[in-house]
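A short write-up of the structure that comes next.
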Amino acid sequence: MSFSRAQLALTVLVVLTTLCGSALARAQGRGSLVPPAAAKKGAPTWHFKLVGGGTWYDNPFFVGAAPGTTWSTTGEASLGHDHRFRSGVFTWSGNGGAIYYPEVDGLNQPTYGGAVSLSWSPGRGRTKIDMRQDYQRSNTRSLVTLDPEGLPLPTSGLDSAISYLTFDQKLSRSWEFQAGGNYVYRRYDDPRLIGGDEAGANARLGTRAGRNGLVFLAYQYTSSRIQGNALRSHQGRLGYHRRPLQGFVLEVAGGFGYVESVQKMYPSGRAAIASIGRKASIEARYARSFGQAFGYGRPTIADIFSGIATWTPVRRLTASADYNFGYRRSPGDEANTITSWIVSGGFGWDVGGGVGFVARYSKEHNDSYAATVPVKGNKVLVALSYGVDWR
């Protein structure tokens, strides 16, 4: 399966306007169950894209009651290159642009960032190593994909860096081992938002169960640092997953988590199902995590529910809708909660000649224990893109 220039440009817009497939999700092992299309031999290796659009808000600062409506414009250019060699691929990309708020002071800013990644399979395919480093200077309101767990934040410039590494080794025809690590860094311009960083390590031992199934035992360690204070947690899970390229996809795992700061055990688990067809796919998932609420500056136990559906009724048109719900509470003070959700829907149109168009609506809601009233906001985004790809 290959992509046209316009479809590749639309991919950029989908990344900018949906809640799934973010770098943070990949770093924390929560990538989509729907597999990406593999690149064909002879596919383009250079990718240049221009994206421009506008966004309307009814609560631009996303604090308290809505102070009125406003809008912003965004422009971005990106260039990327894939260097394929015998046993893998090395990819780099960079982007630069700006966000402009005509009616609001203090929020205009440049945006820039880049990423490098390596996917390498030495040893006749029995070993696979994947690593990636991302950095992005952006805005909490323009790139909701920076937080796949759907926790909306007040408007602020931010710096975000994400690193991850995974190592896969086939031990035999039936057994396989995986180990990895990740690191997430966030800093905000707004002094009311508290930056932090989070490091994690994981290991998994599994045995094949049927053609596409795997029974596994997994361990995950997480260390979150907030203003110099560390929160450490451990999780152990027993699970099963089934991941064919098409059809019904399933993942389920359960076990226990231990939070060192409160010396307490909690149930731990994750579950995901997906149905993958030629023209449509639907995915739903649940996960419990032990980490921090970025921006709030406090440790949390988070229960996250999400779902996404995509449909391609005709060749050049794709529609999608997604929903993210998060319920967070502080270890040792479980009455201190944050409840949030984001729902969005829209479509992407491959106009032709490398041109793509996207329109999307999203509604956001935050309700924390400390707030006197819930914070709500609506947003409408439209964007046009142009992409050129060559060898």
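Residues in the structure tokens are numbered from 1 in each chain, the chains being A, B, ... in the order shown, and ligands are numbered from 1 in the order shown.
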* **Residue neighbourhood Ile129 in chain A, 10 Å, only C-alpha atoms, exclusion window fewer than 6 positions, as a PyMOL selection string** => chain A and resi 88+118-122+165-169+178-180
* Residue list (strand (DSSP E or B), DSSP) for range 118-284 of chain A, as a ChimeraX atom specification -> /A:118-120,127-139,157-170,175-188,194,196-208,213-226,229-242,247-259,264-276,280-284
* Close residues, Glu251 in chain A itself excluded, 10 Å, only C-alpha atoms, min 4 positions apart in chain, as a list in words ->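 The residues that qualify are Leu33, Gly213, Leu214, Val215, Gly239, Tyr240, His241, Arg242, Arg243, Arg270, Ala271, Ala272, Ile273, Ala274 and Arg285 of chain A.
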Filtering to N, CA and C atoms, could you give me those residues as a PDB file, in the first residue's frame?
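Result file follows (selection.pdb):
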```pdb
ATOM      1  N   LEU A  33      -3.288   0.563  17.748  1.00  0.00           N
ATOM      2  CA  LEU A  33      -3.353  -0.839  17.376  1.00  0.00           C
ATOM      3  C   LEU A  33      -3.455  -1.015  15.866  1.00  0.00           C
ATOM      4  N   GLY A 213      -1.157 -14.394  18.019  1.00  0.00           N
ATOM      5  CA  GLY A 213      -1.316 -14.116  19.442  1.00  0.00           C
ATOM      6  C   GLY A 213      -0.017 -14.207  20.220  1.00  0.00           C
ATOM      7  N   LEU A 214       0.008 -13.542  21.371  1.00  0.00           N
ATOM      8  CA  LEU A 214       1.169 -13.561  22.254  1.00  0.00           C
ATOM      9  C   LEU A 214       0.688 -13.477  23.703  1.00  0.00           C
ATOM     10  N   VAL A 215       1.124 -14.415  24.530  1.00  0.00           N
ATOM     11  CA  VAL A 215       0.911 -14.350  25.979  1.00  0.00           C
ATOM     12  C   VAL A 215       2.188 -13.806  26.590  1.00  0.00           C
ATOM     13  N   GLY A 239      -0.558 -10.676  30.438  1.00  0.00           N
ATOM     14  CA  GLY A 239      -1.499 -10.280  29.402  1.00  0.00           C
ATOM     15  C   GLY A 239      -1.439 -11.133  28.150  1.00  0.00           C
ATOM     16  N   TYR A 240      -2.296 -10.766  27.219  1.00  0.00           N
ATOM     17  CA  TYR A 240      -2.396 -11.447  25.921  1.00  0.00           C
ATOM     18  C   TYR A 240      -2.718 -10.410  24.863  1.00  0.00           C
ATOM     19  N   HIS A 241      -2.089 -10.515  23.698  1.00  0.00           N
ATOM     20  CA  HIS A 241      -2.516  -9.670  22.586  1.00  0.00           C
ATOM     21  C   HIS A 241      -2.543 -10.477  21.291  1.00  0.00           C
ATOM     22  N   ARG A 242      -3.423 -10.020  20.406  1.00  0.00           N
ATOM     23  CA  ARG A 242      -3.599 -10.618  19.086  1.00  0.00           C
ATOM     24  C   ARG A 242      -3.631  -9.468  18.089  1.00  0.00           C
ATOM     25  N   ARG A 243      -2.656  -9.425  17.150  1.00  0.00           N
ATOM     26  CA  ARG A 243      -2.516  -8.279  16.260  1.00  0.00           C
ATOM     27  C   ARG A 243      -2.325  -8.701  14.801  1.00  0.00           C
ATOM     28  N   ARG A 270      -4.651  -2.807  31.519  1.00  0.00           N
ATOM     29  CA  ARG A 270      -4.916  -2.136  30.254  1.00  0.00           C
ATOM     30  C   ARG A 270      -5.679  -3.088  29.359  1.00  0.00           C
ATOM     31  N   ALA A 271      -6.486  -2.516  28.483  1.00  0.00           N
ATOM     32  CA  ALA A 271      -7.264  -3.319  27.543  1.00  0.00           C
ATOM     33  C   ALA A 271      -7.497  -2.501  26.289  1.00  0.00           C
ATOM     34  N   ALA A 272      -7.507  -3.173  25.158  1.00  0.00           N
ATOM     35  CA  ALA A 272      -7.738  -2.486  23.886  1.00  0.00           C
ATOM     36  C   ALA A 272      -8.329  -3.458  22.886  1.00  0.00           C
ATOM     37  N   ILE A 273      -9.272  -2.956  22.086  1.00  0.00           N
ATOM     38  CA  ILE A 273      -9.834  -3.740  20.999  1.00  0.00           C
ATOM     39  C   ILE A 273      -9.901  -2.857  19.762  1.00  0.00           C
ATOM     40  N   ALA A 274      -9.768  -3.471  18.615  1.00  0.00           N
ATOM     41  CA  ALA A 274      -9.859  -2.730  17.362  1.00  0.00           C
ATOM     42  C   ALA A 274     -10.357  -3.656  16.282  1.00  0.00           C
ATOM     43  N   ARG A 285      -9.775   1.778  23.895  1.00  0.00           N
ATOM     44  CA  ARG A 285      -8.765   1.300  24.836  1.00  0.00           C
ATOM     45  C   ARG A 285      -8.951   1.914  26.222  1.00  0.00           C
TER      46      ARG A 285
END
```
* Asked: Of the residues A:Gly123, A:Gly236, A:Gly295, A:Gly228, which is the one nearest to Ser156 in chain A, using only C-alpha atoms?
  ->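 For Ser156 in chain A, the nearest of the given residues is A:Gly295.
Considering the residues A:Gly307, A:Ala335, A:Thr312, A:Thr73 and counting only C-alpha atoms, Tyr100 in chain A has its shortest atom-to-atom contact with A:Thr73.
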* Residues within 10 Å of Glu334 in chain A, only C-alpha atoms, excluding chain neighbours under 6 positions, as a ChimeraX atom specification -> /A:300-301,328
Would you mind exporting the chosen residues as an mmCIF file, in the first residue's frame, restricted to N, CA and C atoms?
```cif
data_model
loop_
_atom_site.group_PDB
_atom_site.id
_atom_site.type_symbol
_atom_site.label_atom_id
_atom_site.label_comp_id
_atom_site.auth_asym_id
_atom_site.auth_seq_id
_atom_site.Cartn_x
_atom_site.Cartn_y
_atom_site.Cartn_z
ATOM 1 N N THR A 300 -0.162 11.530 40.018
ATOM 2 C CA THR A 300 -1.532 11.051 39.842
ATOM 3 C C THR A 300 -1.553 9.562 39.516
ATOM 4 N N ILE A 301 -2.671 8.960 39.879
ATOM 5 C CA ILE A 301 -3.072 7.663 39.334
ATOM 6 C C ILE A 301 -4.146 7.977 38.310
ATOM 7 N N ARG A 328 -8.235 11.322 37.134
ATOM 8 C CA ARG A 328 -6.971 11.307 37.850
ATOM 9 C C ARG A 328 -7.192 11.644 39.318
#
```
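Residues in contact with Gln246 in chain A at 9 Å, where only C-alpha atoms are counted and same-chain residues fewer than 6 positions away are skipped, are listed as Val34, Ser275, Ile276, Gly277 and Arg278 of chain A.
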Write out the residues from the selection above, keeping N, CA and C atoms, as an mmCIF file, in the first residue's frame.
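Okay, selection-v5.cif is ready:
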```
data_model
loop_
_atom_site.group_PDB
_atom_site.id
_atom_site.type_symbol
_atom_site.label_atom_id
_atom_site.label_comp_id
_atom_site.auth_asym_id
_atom_site.auth_seq_id
_atom_site.Cartn_x
_atom_site.Cartn_y
_atom_site.Cartn_z
ATOM 1 N N VAL A 34 -3.895 0.032 15.168
ATOM 2 C CA VAL A 34 -4.006 -0.034 13.716
ATOM 3 C C VAL A 34 -2.614 0.184 13.124
ATOM 4 N N SER A 275 -11.073 -3.086 15.353
ATOM 5 C CA SER A 275 -11.511 -3.803 14.161
ATOM 6 C C SER A 275 -10.983 -3.044 12.957
ATOM 7 N N ILE A 276 -10.176 -3.709 12.144
ATOM 8 C CA ILE A 276 -9.491 -3.070 11.024
ATOM 9 C C ILE A 276 -10.032 -3.621 9.719
ATOM 10 N N GLY A 277 -10.618 -2.748 8.916
ATOM 11 C CA GLY A 277 -11.132 -3.144 7.616
ATOM 12 C C GLY A 277 -10.443 -2.395 6.491
ATOM 13 N N ARG A 278 -10.876 -2.640 5.279
ATOM 14 C CA ARG A 278 -10.255 -1.987 4.135
ATOM 15 C C ARG A 278 -10.554 -0.507 4.093
#
```
* Selection near range 367-384 of chain A, 7 Å with only C-alpha atoms, sequence-local residues under 5 positions removed, as a ChimeraX atom specification -> /A:51-59,62-65,336-340,356-362
* Asked: Can you list, as a list of chain:residue names, every protein, DNA or RNA residue that comes within 7 Å of range 313-325 of chain A when you count only C-alpha atoms, leaving out same-chain residues fewer than 6 positions away?
  ->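 Once the adjacent positions are removed, what remains is A:Glu149, A:Gly150, A:Lys279, A:Ile304, A:Phe305, A:Ser306, A:Gly307, A:Ser340, A:Trp341, A:Ile342, A:Val343, A:Ser344, A:Gly345, A:Gly346, A:Phe347, A:Gly348, A:Trp349, A:Asp350.
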* Have a look at A:Ile308, A:Ala199, A:Leu193, A:Ala218 and name the one nearest to Ser268 in chain A; count only C-alpha atoms. => A:Ala218
* **Option closest in space to Arg186 in chain A, from A:Thr127, A:Asn366, A:Ser138, A:Ser117 [counting only C-alpha atoms]** => A:Ser138
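When only C-alpha atoms are used to compute distances to Ala293 in chain A, the closest of the residues A:Trp311, A:Ala280, A:Gly352, A:Asp197 turns out to be A:Asp197.
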